[in-house]
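Asker: Here you go, one structure.
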Amino acid sequence: MSVIRKMPLILSGVSTGLMAFLFLANSAAANTKTNDESIHHISATVCKTCHKETYKQWKGSMHANSTAFKDPIHGAFYRKVVGDPGKEGVKMKNGKYPVCLQCHAPNAAKDKVTKLDSKPAYAEGVNCIACHTLKTFKGIQGKNGKLNLGLKAYEYSDKIQGTGRNSNHKLSALTAGGDEFGFAGGDDEQKPNPHLGKPVTMDGKDIPALPMESNPKQLRTSDACMGCHDKRSNAHGVPLCATGDEYVASNAKADCLSCHMPTTGERSDHSMGGGHSLPMLQRSVVFSMDSKKAGDTIKSVVTIRNKQPHTMPTGAPFRNLHLKVTAYDKSGNVVWENAKGHPGKTDKQAYMHLVLVDDKGKPTAPPTAKGQGADNRLKAFEERHLNYEIPAKDVVLVRSELYYNLLWPGLVKKFGKKIPADVTAPKLISASENSI
Ligand code: HEC
Ligand code: HEC
Ligand code: HEC
Ligand code: HEC
Ligand code: HEC
């Protein structure tokens with residue numbers, strides 16, 4: 001059946017020899033379900049055949065791990081507020097299709113499917129096709145104050161959207177005659193190019209036609225990100241994340257790609273690190289400390305400068321930072337510290353976080369929040385000074401440490417073993433030391 005459906009494609013202007021070759025290749029692969037499926041069912045493993053390095057970067061990213069099956073934090077929340085990601089027909093409390101999937105599993109959302117393991121392209125979350133078929137960003141503001149989130153903020157295409165770098169093939173199609181296997185440059189290894197609009201074979205695999213359009217307006221700007229990263233509210237209208245609003249308020253000119261998709265070698269890096277990436281976190285702030293002894297007191301000033309055009313931490317409302325300041329004697333014993341354990345209760349300035357509150361103004365989790373409480377995260381580009389007075393007796397060294405946490409301590413306790421300890425453990429992102 002799939003062979004028959006492929007016929008018109010094969011017949012369109014391909015030589016008979018090649019046609020027979022493709023025909024055979026396609027018959028052999030008739031049960032691999034590629035060509036005869038819509039583009040959003042194409043797995044990232046198809047792209048991997050040729051884009052190996054990009055695939056590897058993406059595979060390690062949270063985009064490839066964005067579903068409830070792969071991300072334990074998202075999984076814990078999803079199961080609580082929505083349900084089983086392995087079941088069909090799961091609905092939100094309001095009876096609607098789970099909005100989460102518009103961003104966390106966009107290919108499933110296109111089909112209104114909730115059984116995320118029913119196709120690789122669903123389980124892959126934000127995969128190659130999910131981003132590379134977004135055609136135009138319409139903005140997330142819908143009618144009557146409603147937000148169009150994730151996929152709903154875009155018009156999408158059944159053609160791969162390219163940057164313009166290797167996706168302008170019209171002139172070569174005019175001049176290269178029948179060379180439908182034309183090789184696009186930029187790689188040491190020559191590869192058949194399925195983006196010219198015809199199926200090809202590579203490493204013995206049949207690759208369906210993956211026609212491509214040049215679309216730099218979408219691919220080379222923050223438009224590529226904002227549908228999913230601008231902002232989102234919970235069911236009570238309380239903003240949960242607002243990276244887009246933070247960015248607009250910062251008046252920054254550099255777009256998201258300049259930091260989140262730097263070039264490595266000949267390619268743009270698809271690792272797209274954030275709160276799960278230690279190297280990214282380490283470069284997020286300029287962290288330093290100055291300590292001066294005056295009589296029997298040491299005055300230490302810790303300076304934290306946020307380098308980003310968005311809040312630090314940005315994104316999910318439970319991301320947070322905490323600061324530890326410790327003074328040591330000459331044997332390395334602790335003689336003073338800003339807080340025993342987590343500073344949340346005893347040194348409030350050292351715990352940088354957003355508070356979400358219920359009706360009574362009490363801290364609560366994102367799904368149940370009725371409002372925002374205090375927010376002392378670092379604003380875009382903010383430089384903050386935190387002052388400490390330390391009794392100088394016996395002190396030879398003051399050390400300060402900045403930690404990043406994916407979850408509030410309360411949530412870590414609440415979810416317990418549902419989330420592996422290495423995911424929730426504080427990550428040391430910067431340290432500074434002064435000898436006295
Ligand atoms: C059979 C090999 C092959 C497969 C499979 C393949 N591509 Fe490509 N792709 C190429 C070649 C060749 C080029 C042009 C040279 C280059 O950029 O490496 C290219 C270029 C691209 C570009 C860059 C164009 C531009 O101007 O920005 C994008 C985006 C792209 N491919 C996406 C995909 C996606 C998504 C998939 C999977 C659905 C995929 N490709 C599968 C061979 C392949
Ligand atoms: C989160 C969205 C997103 C995902 C997921 C994604 N891409 Fe991209 N991709 C982009 C953007 C944006 C660019 C353009 C970056 C730039 O301007 O340099 C790009 C550029 C490219 C290019 C152009 C050449 C280059 O590297 O500069 C290729 C090829 C490509 N992507 C392939 C893939 C493949 C293969 C996958 C899956 C393994 C994938 N992309 C997943 C957003 C994405
Ligand atoms: C189709 C929706 C979608 C698009 C488009 C998209 N993202 Fe994402 N992105 C997500 C989701 C969902 C997550 C969260 C995955 C998780 O943690 O479960 C995420 C996570 C991230 C993270 C956090 C990684 C971490 O370490 O926690 C960064 C950074 C990021 N995306 C950057 C980008 C950039 C830059 C672009 C544009 C080139 C982009 N994204 C486009 C949906 C999207
Ligand atoms: C100057 C570099 C820079 C620019 C520009 C930038 N970011 Fe970031 N971003 C970072 C760094 C560093 C981090 C890690 C620290 C943090 O979480 O704030 C990060 C973190 C993130 C995260 C992770 C949040 C989480 O929960 O893990 C997201 C999402 C994100 N950025 C989205 C964006 C978007 C969308 C844009 C464009 C509007 C953007 N960023 C522009 C540097 C940048
Ligand atoms: C508008 C797109 C969008 C929608 C809708 C959305 N999310 Fe997310 N979600 C993201 C992005 C982007 C991130 C990661 C970056 C960040 O923190 O902003 C994320 C991160 C998360 C995280 C943190 C994951 C981690 O690894 O720490 C959880 C939990 C989460 N989302 C749960 C949900 C649930 C549950 C729903 C549905 C009720 C939902 N999200 C709906 C875009 C969305």
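In the structure tokens, chains take the letters A, B, ... in the order shown, each chain's residues start at 1, and ligands count up from 1 in the order shown.
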At a cut-off of 6 Å, using only C-alpha atoms, what residues contact A:Ala327? Leave out same-chain residues fewer than 6 positions from it and give the result as a PDB file with N, CA, C and O atoms, in the first residue's frame.
Answerer:
ATOM      1  N   VAL A 334      34.979  25.205  60.785  1.00  0.00           N
ATOM      2  CA  VAL A 334      33.994  26.273  60.602  1.00  0.00           C
ATOM      3  C   VAL A 334      33.849  27.045  61.914  1.00  0.00           C
ATOM      4  O   VAL A 334      33.580  26.454  62.952  1.00  0.00           O
ATOM      5  N   VAL A 335      34.053  28.385  61.860  1.00  0.00           N
ATOM      6  CA  VAL A 335      33.836  29.172  63.079  1.00  0.00           C
ATOM      7  C   VAL A 335      32.603  30.077  62.962  1.00  0.00           C
ATOM      8  O   VAL A 335      32.103  30.596  63.948  1.00  0.00           O
ATOM      9  N   TRP A 336      32.111  30.252  61.756  1.00  0.00           N
ATOM     10  CA  TRP A 336      30.900  31.064  61.555  1.00  0.00           C
ATOM     11  C   TRP A 336      30.268  30.671  60.223  1.00  0.00           C
ATOM     12  O   TRP A 336      30.968  30.322  59.278  1.00  0.00           O
ATOM     13  N   LEU A 397      39.996  32.554  56.831  1.00  0.00           N
ATOM     14  CA  LEU A 397      39.458  32.419  55.469  1.00  0.00           C
ATOM     15  C   LEU A 397      37.939  32.569  55.480  1.00  0.00           C
ATOM     16  O   LEU A 397      37.259  31.999  56.334  1.00  0.00           O
ATOM     17  N   VAL A 398      37.446  33.374  54.515  1.00  0.00           N
ATOM     18  CA  VAL A 398      35.989  33.419  54.297  1.00  0.00           C
ATOM     19  C   VAL A 398      35.731  32.866  52.898  1.00  0.00           C
ATOM     20  O   VAL A 398      36.437  33.215  51.944  1.00  0.00           O
TER      21      VAL A 398
END
Asker: From a backbone DSSP assignment, name each residue in stretch 114-205 of chain A labelled alpha helix (DSSP H), as a list in words.
Answerer: Pro120, Ala121, Tyr122, Ala123, Cys128, Ile129, Ala130, Cys131, His132, Lys170, Leu171, Ser172, Ala173, Leu174 and Thr175 of chain A
Asker: Atom CA of A:Leu321 and atom CA of A:Val396 are how many Å apart?
Answerer: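 It comes out at 26.6 Å.
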Asker: Listing only residues of chain A within 7 Å of ligand 1, what is the closest atom pair and its distance in Å (to one decimal) for each, using only C-alpha atoms and all ligand atoms, sorted by chain and residue number ascending, as a Markdown table?
Answerer:
| residue | atom | partner | partner_atom_place_in_ligand_line | distance |
| --- | --- | --- | --- | --- |
| A:Ile42 | CA | ligand 1 | 38 (C) | 6.1 |
| A:Ser43 | CA | ligand 1 | 38 (C) | 6.9 |
| A:Ala44 | CA | ligand 1 | 37 (C) | 5.9 |
| A:Val46 | CA | ligand 1 | 5 (C) | 5.3 |
| A:Cys47 | CA | ligand 1 | 37 (C) | 3.3 |
| A:Lys48 | CA | ligand 1 | 5 (C) | 6.5 |
| A:Thr49 | CA | ligand 1 | 5 (C) | 5.1 |
| A:Cys50 | CA | ligand 1 | 2 (C) | 4.3 |
| A:His51 | CA | ligand 1 | 7 (N) | 6.2 |
| A:Cys128 | CA | ligand 1 | 35 (C) | 4.7 |
| A:Ile129 | CA | ligand 1 | 35 (C) | 5.1 |
| A:His132 | CA | ligand 1 | 35 (C) | 5.8 |
| A:Ile160 | CA | ligand 1 | 35 (C) | 6.3 |
| A:Gln161 | CA | ligand 1 | 29 (C) | 6.2 |
| A:Gly162 | CA | ligand 1 | 27 (O) | 3.7 |
| A:Thr163 | CA | ligand 1 | 27 (O) | 3.6 |
| A:Gly164 | CA | ligand 1 | 26 (O) | 4.0 |
| A:Arg165 | CA | ligand 1 | 26 (O) | 3.6 |
| A:Asn166 | CA | ligand 1 | 26 (O) | 3.3 |
| A:Ser167 | CA | ligand 1 | 26 (O) | 3.7 |
| A:Asn168 | CA | ligand 1 | 26 (O) | 6.9 |
| A:Phe183 | CA | ligand 1 | 12 (C) | 6.0 |
| A:Ala184 | CA | ligand 1 | 14 (C) | 4.7 |
| A:Gly185 | CA | ligand 1 | 15 (C) | 5.6 |
| A:Gly186 | CA | ligand 1 | 15 (C) | 5.7 |
| A:Asp187 | CA | ligand 1 | 18 (O) | 5.7 |
| A:Lys191 | CA | ligand 1 | 12 (C) | 4.8 |
| A:Pro192 | CA | ligand 1 | 1 (C) | 5.1 |
| A:Asn193 | CA | ligand 1 | 12 (C) | 4.1 |
| A:Pro194 | CA | ligand 1 | 1 (C) | 5.5 |
| A:His195 | CA | ligand 1 | 9 (N) | 6.4 |
| A:Val200 | CA | ligand 1 | 1 (C) | 6.2 |
| A:Thr201 | CA | ligand 1 | 1 (C) | 6.4 |
| A:Met202 | CA | ligand 1 | 1 (C) | 5.4 |
| A:Ile207 | CA | ligand 1 | 5 (C) | 5.7 |
| A:Leu210 | CA | ligand 1 | 38 (C) | 6.6 |
| A:Ser214 | CA | ligand 1 | 26 (O) | 6.2 |
Asker: Using only C-alpha atoms, please write the residues we just selected to a file, as a short mmCIF file (atom, residue, chain, number, x, y, z; two decimals), in the first residue's frame.
Answerer:
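This is the output file result-v3.cif:
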data_model
loop_
_atom_site.label_atom_id
_atom_site.label_comp_id
_atom_site.auth_asym_id
_atom_site.auth_seq_id
_atom_site.Cartn_x
_atom_site.Cartn_y
_atom_site.Cartn_z
CA ILE A 42 9.13 11.33 11.39
CA SER A 43 11.45 10.32 14.18
CA ALA A 44 14.67 12.14 15.00
CA VAL A 46 15.74 9.52 10.54
CA CYS A 47 17.56 12.86 10.76
CA LYS A 48 20.35 11.16 12.72
CA THR A 49 21.32 9.14 9.63
CA CYS A 50 22.96 12.29 8.24
CA HIS A 51 22.98 14.91 11.02
CA CYS A 128 13.85 17.94 15.05
CA ILE A 129 10.57 18.07 13.17
CA HIS A 132 11.91 22.61 11.98
CA ILE A 160 11.35 21.42 6.79
CA GLN A 161 12.18 25.02 7.62
CA GLY A 162 15.84 25.87 7.11
CA THR A 163 18.02 28.82 7.99
CA GLY A 164 18.84 29.83 4.44
CA ARG A 165 22.36 28.52 4.75
CA ASN A 166 21.83 25.31 2.78
CA SER A 167 18.17 25.57 2.01
CA ASN A 168 18.06 27.70 -1.13
CA PHE A 183 25.26 17.45 -2.94
CA ALA A 184 25.06 20.48 -0.75
CA GLY A 185 28.39 21.67 0.57
CA GLY A 186 29.50 22.33 4.11
CA ASP A 187 30.33 18.77 5.16
CA LYS A 191 25.63 13.06 1.63
CA PRO A 192 22.60 12.55 -0.58
CA ASN A 193 20.24 15.40 0.09
CA PRO A 194 16.60 14.44 0.82
CA HIS A 195 15.74 18.13 1.13
CA VAL A 200 17.16 8.95 -1.09
CA THR A 201 19.05 6.07 0.47
CA MET A 202 21.86 6.47 2.95
CA ILE A 207 15.01 8.26 3.69
CA LEU A 210 12.07 15.87 3.20
CA SER A 214 14.46 28.71 3.53
#
Asker: Would you please work out which residue, of A:Cys256, A:Ala68, A:Ala76, A:Leu411, is nearest to ligand 2 when using only C-alpha atoms and all ligand atoms?
Answerer: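 The shortest atom-to-atom distance to ligand 2 comes from A:Cys256.
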Asker: May I ask you to write as number ranges by chain all residues lying at most 8 Å from ligand 2, with only C-alpha atoms and all ligand atoms counted?
Answerer: A: 44-45, 47-48, 50-52, 54-59, 63-64, 126-132, 162-163, 165-166, 216, 218-222, 224-225, 257, 261-263, 266-270, 272
Asker: Tell me which of A:Asp255, A:Asp117, A:Glu88, A:Asp111 sits closest to ligand 3, counting only C-alpha atoms and all ligand atoms.
Answerer: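 That would be A:Asp255, the residue with the smallest distance to ligand 3.
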Asker: Would you list the contacts of A:Lys370 as a ChimeraX atom specification, taking every protein, DNA or RNA residue within 10 Å and counting only C-alpha atoms, but skipping same-chain residues closer than 2 positions in sequence?
Answerer: /A:234-239,356-368,372-373
Asker: Collect all residues with atoms no farther than 8 Å from ligand 5, counting only C-alpha atoms and all ligand atoms, and output them as number ranges by chain.
Answerer: A: 62, 66, 71-82, 92, 98-104, 149-150, 227-232, 234, 241-243, 274-276, 314-317, 319, 367, 406-407
Asker: Output N, CA and C atoms of each residue in that selection to a file, as a compact mmCIF listing (two decimals), in the first residue's frame.
Answerer:
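The resulting result23.txt:
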# COMPACT_ATOMS: atom_id res chain seq x y z
N MET A 62 17.23 18.87 27.13
CA MET A 62 15.92 18.70 27.75
C MET A 62 14.82 18.67 26.69
N SER A 66 11.76 15.92 27.24
CA SER A 66 10.73 16.83 27.75
C SER A 66 9.42 16.14 28.12
N ASP A 71 11.54 13.02 31.68
CA ASP A 71 11.94 14.05 32.64
C ASP A 71 11.23 13.77 33.97
N PRO A 72 11.99 13.34 34.99
CA PRO A 72 11.33 12.95 36.24
C PRO A 72 10.58 14.10 36.92
N ILE A 73 11.05 15.34 36.76
CA ILE A 73 10.37 16.46 37.42
C ILE A 73 9.06 16.76 36.69
N HIS A 74 9.15 16.88 35.38
CA HIS A 74 7.91 17.08 34.61
C HIS A 74 6.97 15.90 34.83
N GLY A 75 7.55 14.69 34.83
CA GLY A 75 6.76 13.48 35.01
C GLY A 75 5.96 13.51 36.31
N ALA A 76 6.62 13.93 37.39
CA ALA A 76 5.95 13.96 38.70
C ALA A 76 4.76 14.92 38.68
N PHE A 77 4.96 16.10 38.08
CA PHE A 77 3.86 17.08 38.01
C PHE A 77 2.76 16.61 37.06
N TYR A 78 3.19 16.10 35.91
CA TYR A 78 2.22 15.68 34.88
C TYR A 78 1.29 14.60 35.42
N ARG A 79 1.89 13.62 36.11
CA ARG A 79 1.06 12.53 36.65
C ARG A 79 0.09 13.07 37.70
N LYS A 80 0.52 14.11 38.42
CA LYS A 80 -0.32 14.68 39.46
C LYS A 80 -1.47 15.53 38.88
N VAL A 81 -1.14 16.41 37.93
CA VAL A 81 -2.20 17.31 37.46
C VAL A 81 -2.92 16.81 36.20
N VAL A 82 -2.33 15.87 35.48
CA VAL A 82 -2.97 15.38 34.27
C VAL A 82 -3.27 13.88 34.36
N MET A 92 -7.46 17.04 31.19
CA MET A 92 -7.20 17.93 32.31
C MET A 92 -8.47 18.01 33.18
N PRO A 98 -4.75 17.90 27.42
CA PRO A 98 -3.69 18.48 28.25
C PRO A 98 -2.84 19.54 27.53
N VAL A 99 -2.93 20.76 28.00
CA VAL A 99 -2.21 21.88 27.38
C VAL A 99 -0.69 21.64 27.41
N CYS A 100 -0.23 20.91 28.43
CA CYS A 100 1.20 20.65 28.59
C CYS A 100 1.83 20.12 27.30
N LEU A 101 1.06 19.27 26.59
CA LEU A 101 1.63 18.58 25.44
C LEU A 101 1.87 19.52 24.26
N GLN A 102 1.21 20.69 24.26
CA GLN A 102 1.46 21.67 23.19
C GLN A 102 2.93 22.08 23.18
N CYS A 103 3.58 21.99 24.34
CA CYS A 103 5.00 22.34 24.43
C CYS A 103 5.88 21.12 24.72
N HIS A 104 5.41 20.22 25.59
CA HIS A 104 6.27 19.12 26.04
C HIS A 104 6.26 17.93 25.07
N LEU A 149 -0.62 28.70 23.42
CA LEU A 149 0.66 28.21 23.91
C LEU A 149 1.28 27.15 23.00
N GLY A 150 2.63 27.16 22.98
CA GLY A 150 3.37 26.13 22.25
C GLY A 150 3.00 26.16 20.78
N GLY A 227 7.12 30.66 21.21
CA GLY A 227 5.83 30.00 21.36
C GLY A 227 5.78 29.17 22.64
N CYS A 228 6.90 28.53 22.94
CA CYS A 228 6.96 27.67 24.13
C CYS A 228 7.63 28.36 25.32
N HIS A 229 8.43 29.38 25.06
CA HIS A 229 9.22 29.97 26.15
C HIS A 229 8.80 31.37 26.57
N ASP A 230 7.79 31.95 25.93
CA ASP A 230 7.41 33.32 26.29
C ASP A 230 6.87 33.37 27.71
N LYS A 231 5.67 32.84 27.91
CA LYS A 231 5.13 32.75 29.27
C LYS A 231 4.00 31.75 29.33
N ARG A 232 3.67 31.39 30.56
CA ARG A 232 2.58 30.45 30.75
C ARG A 232 1.98 30.66 32.14
N ASN A 234 -0.97 29.18 35.24
CA ASN A 234 -1.69 27.97 35.65
C ASN A 234 -3.19 28.17 35.44
N CYS A 241 5.78 30.94 34.46
CA CYS A 241 7.09 31.31 33.94
C CYS A 241 6.88 32.44 32.96
N ALA A 242 7.86 33.32 32.83
CA ALA A 242 7.67 34.53 32.04
C ALA A 242 9.00 34.98 31.43
N THR A 243 9.75 34.02 30.89
CA THR A 243 11.05 34.35 30.30
C THR A 243 10.91 35.44 29.23
N GLY A 274 20.29 24.83 30.01
CA GLY A 274 19.66 25.79 30.92
C GLY A 274 19.89 25.29 32.33
N GLY A 275 18.82 25.19 33.10
CA GLY A 275 18.93 24.78 34.49
C GLY A 275 19.47 23.38 34.72
N HIS A 276 19.44 22.53 33.68
CA HIS A 276 19.98 21.18 33.85
C HIS A 276 21.43 21.08 33.41
N THR A 314 15.54 31.76 35.64
CA THR A 314 14.33 32.02 34.86
C THR A 314 13.53 30.72 34.76
N GLY A 315 12.45 30.77 33.99
CA GLY A 315 11.72 29.54 33.69
C GLY A 315 10.82 29.10 34.81
N ALA A 316 10.77 27.78 34.99
CA ALA A 316 9.85 27.18 35.96
C ALA A 316 9.96 27.89 37.31
N PRO A 317 8.80 28.12 37.99
CA PRO A 317 8.77 29.00 39.17
C PRO A 317 9.52 28.45 40.38
N ARG A 319 12.58 27.06 40.32
CA ARG A 319 14.04 27.18 40.23
C ARG A 319 14.49 28.18 41.29
N PRO A 367 0.50 24.30 40.60
CA PRO A 367 -0.86 24.07 40.09
C PRO A 367 -1.94 24.71 40.96
N LEU A 406 16.96 23.03 41.11
CA LEU A 406 15.84 22.91 40.17
C LEU A 406 14.50 23.03 40.89
N LEU A 407 14.46 22.65 42.17
CA LEU A 407 13.20 22.66 42.92
C LEU A 407 13.36 23.36 44.26
Asker: What is the atom CA of A:Asp347-atom CA of A:Lys414 distance in Å, reported with one decimal?
Answerer: 22.9 Å
Asker: Using only C-alpha atoms and all ligand atoms, can you tell me which of A:Pro309, A:Gly204, A:Pro106, A:Gly60 comes closest to ligand 3?
Answerer: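 Closest candidate: A:Pro106.
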Asker: For the atom pair atom CA of A:Asn65 and atom 21 (C, counted along the ligand's line) of ligand 3, what is the interatomic distance in Å to one decimal place?
Answerer: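 Calculated distance between atom CA of A:Asn65 and atom 21 (C, counted along the ligand's line) of ligand 3 is 9.9 Å.
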Asker: Can you check which residues of stretch 155-241 of chain A DSSP gives as strand (DSSP E or B) on the backbone and send them as an MDAnalysis selection string?
Answerer: chainID A and resid 155:156 160:162 200:202 205:207 212:214 232:233 239:241
Asker: Output the selection as a tab-separated table (two decimals), in the first residue's frame - N, CA, C and O atoms for each residue.
Answerer:
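The resulting part.tsv:
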chain	number	residue	atom	x	y	z
A	155	GLU	N	2.06	29.04	12.97
A	155	GLU	CA	1.58	28.34	11.79
A	155	GLU	C	2.67	27.36	11.45
A	155	GLU	O	3.85	27.70	11.55
A	156	TYR	N	2.30	26.12	11.10
A	156	TYR	CA	3.37	25.20	10.74
A	156	TYR	C	3.21	24.65	9.34
A	156	TYR	O	2.17	24.80	8.71
A	160	ILE	N	10.34	21.05	5.78
A	160	ILE	CA	11.35	21.42	6.79
A	160	ILE	C	11.73	22.88	6.59
A	160	ILE	O	11.95	23.32	5.46
A	161	GLN	N	11.79	23.62	7.69
A	161	GLN	CA	12.18	25.02	7.62
A	161	GLN	C	13.68	25.14	7.90
A	161	GLN	O	14.16	24.65	8.93
A	162	GLY	N	14.39	25.74	6.98
A	162	GLY	CA	15.84	25.87	7.11
A	162	GLY	C	16.24	27.32	7.35
A	162	GLY	O	15.42	28.23	7.27
A	200	VAL	N	15.77	9.37	-0.80
A	200	VAL	CA	17.16	8.95	-1.09
A	200	VAL	C	17.47	7.74	-0.20
A	200	VAL	O	16.71	7.40	0.70
A	201	THR	N	18.59	7.10	-0.47
A	201	THR	CA	19.05	6.07	0.47
A	201	THR	C	20.39	6.49	1.03
A	201	THR	O	21.19	7.14	0.37
A	202	MET	N	20.61	6.11	2.27
A	202	MET	CA	21.86	6.47	2.95
A	202	MET	C	22.14	5.37	3.96
A	202	MET	O	21.24	5.01	4.74
A	205	LYS	N	19.64	2.80	4.45
A	205	LYS	CA	18.32	3.19	4.97
A	205	LYS	C	17.56	4.01	3.94
A	205	LYS	O	18.18	4.84	3.25
A	206	ASP	N	16.26	3.79	3.84
A	206	ASP	CA	15.45	4.62	2.95
A	206	ASP	C	15.04	5.87	3.68
A	206	ASP	O	14.45	5.80	4.75
A	207	ILE	N	15.36	6.98	3.08
A	207	ILE	CA	15.01	8.26	3.69
A	207	ILE	C	13.90	8.87	2.83
A	207	ILE	O	14.06	9.00	1.61
A	212	MET	N	12.39	21.11	1.73
A	212	MET	CA	12.80	22.16	2.66
A	212	MET	C	12.56	23.54	2.08
A	212	MET	O	12.63	23.73	0.88
A	213	GLU	N	12.29	24.48	2.98
A	213	GLU	CA	12.16	25.88	2.59
A	213	GLU	C	13.15	26.70	3.40
A	213	GLU	O	13.43	26.36	4.55
A	214	SER	N	13.61	27.78	2.80
A	214	SER	CA	14.46	28.71	3.53
A	214	SER	C	13.57	29.66	4.33
A	214	SER	O	12.67	30.28	3.77
A	232	ARG	N	3.67	31.39	30.56
A	232	ARG	CA	2.58	30.45	30.75
A	232	ARG	C	1.98	30.66	32.14
A	232	ARG	O	2.69	31.01	33.08
A	233	SER	N	0.67	30.50	32.24
A	233	SER	CA	-0.02	30.65	33.53
A	233	SER	C	-0.63	29.32	33.94
A	233	SER	O	-0.83	28.45	33.10
A	239	PRO	N	0.86	33.67	36.63
A	239	PRO	CA	2.02	33.42	35.77
A	239	PRO	C	3.00	32.45	36.45
A	239	PRO	O	3.38	32.66	37.60
A	240	LEU	N	3.35	31.38	35.73
A	240	LEU	CA	4.29	30.40	36.29
A	240	LEU	C	5.69	30.64	35.75
A	240	LEU	O	6.67	30.51	36.46
A	241	CYS	N	5.78	30.94	34.46
A	241	CYS	CA	7.09	31.31	33.94
A	241	CYS	C	6.88	32.44	32.96
A	241	CYS	O	5.81	32.55	32.36
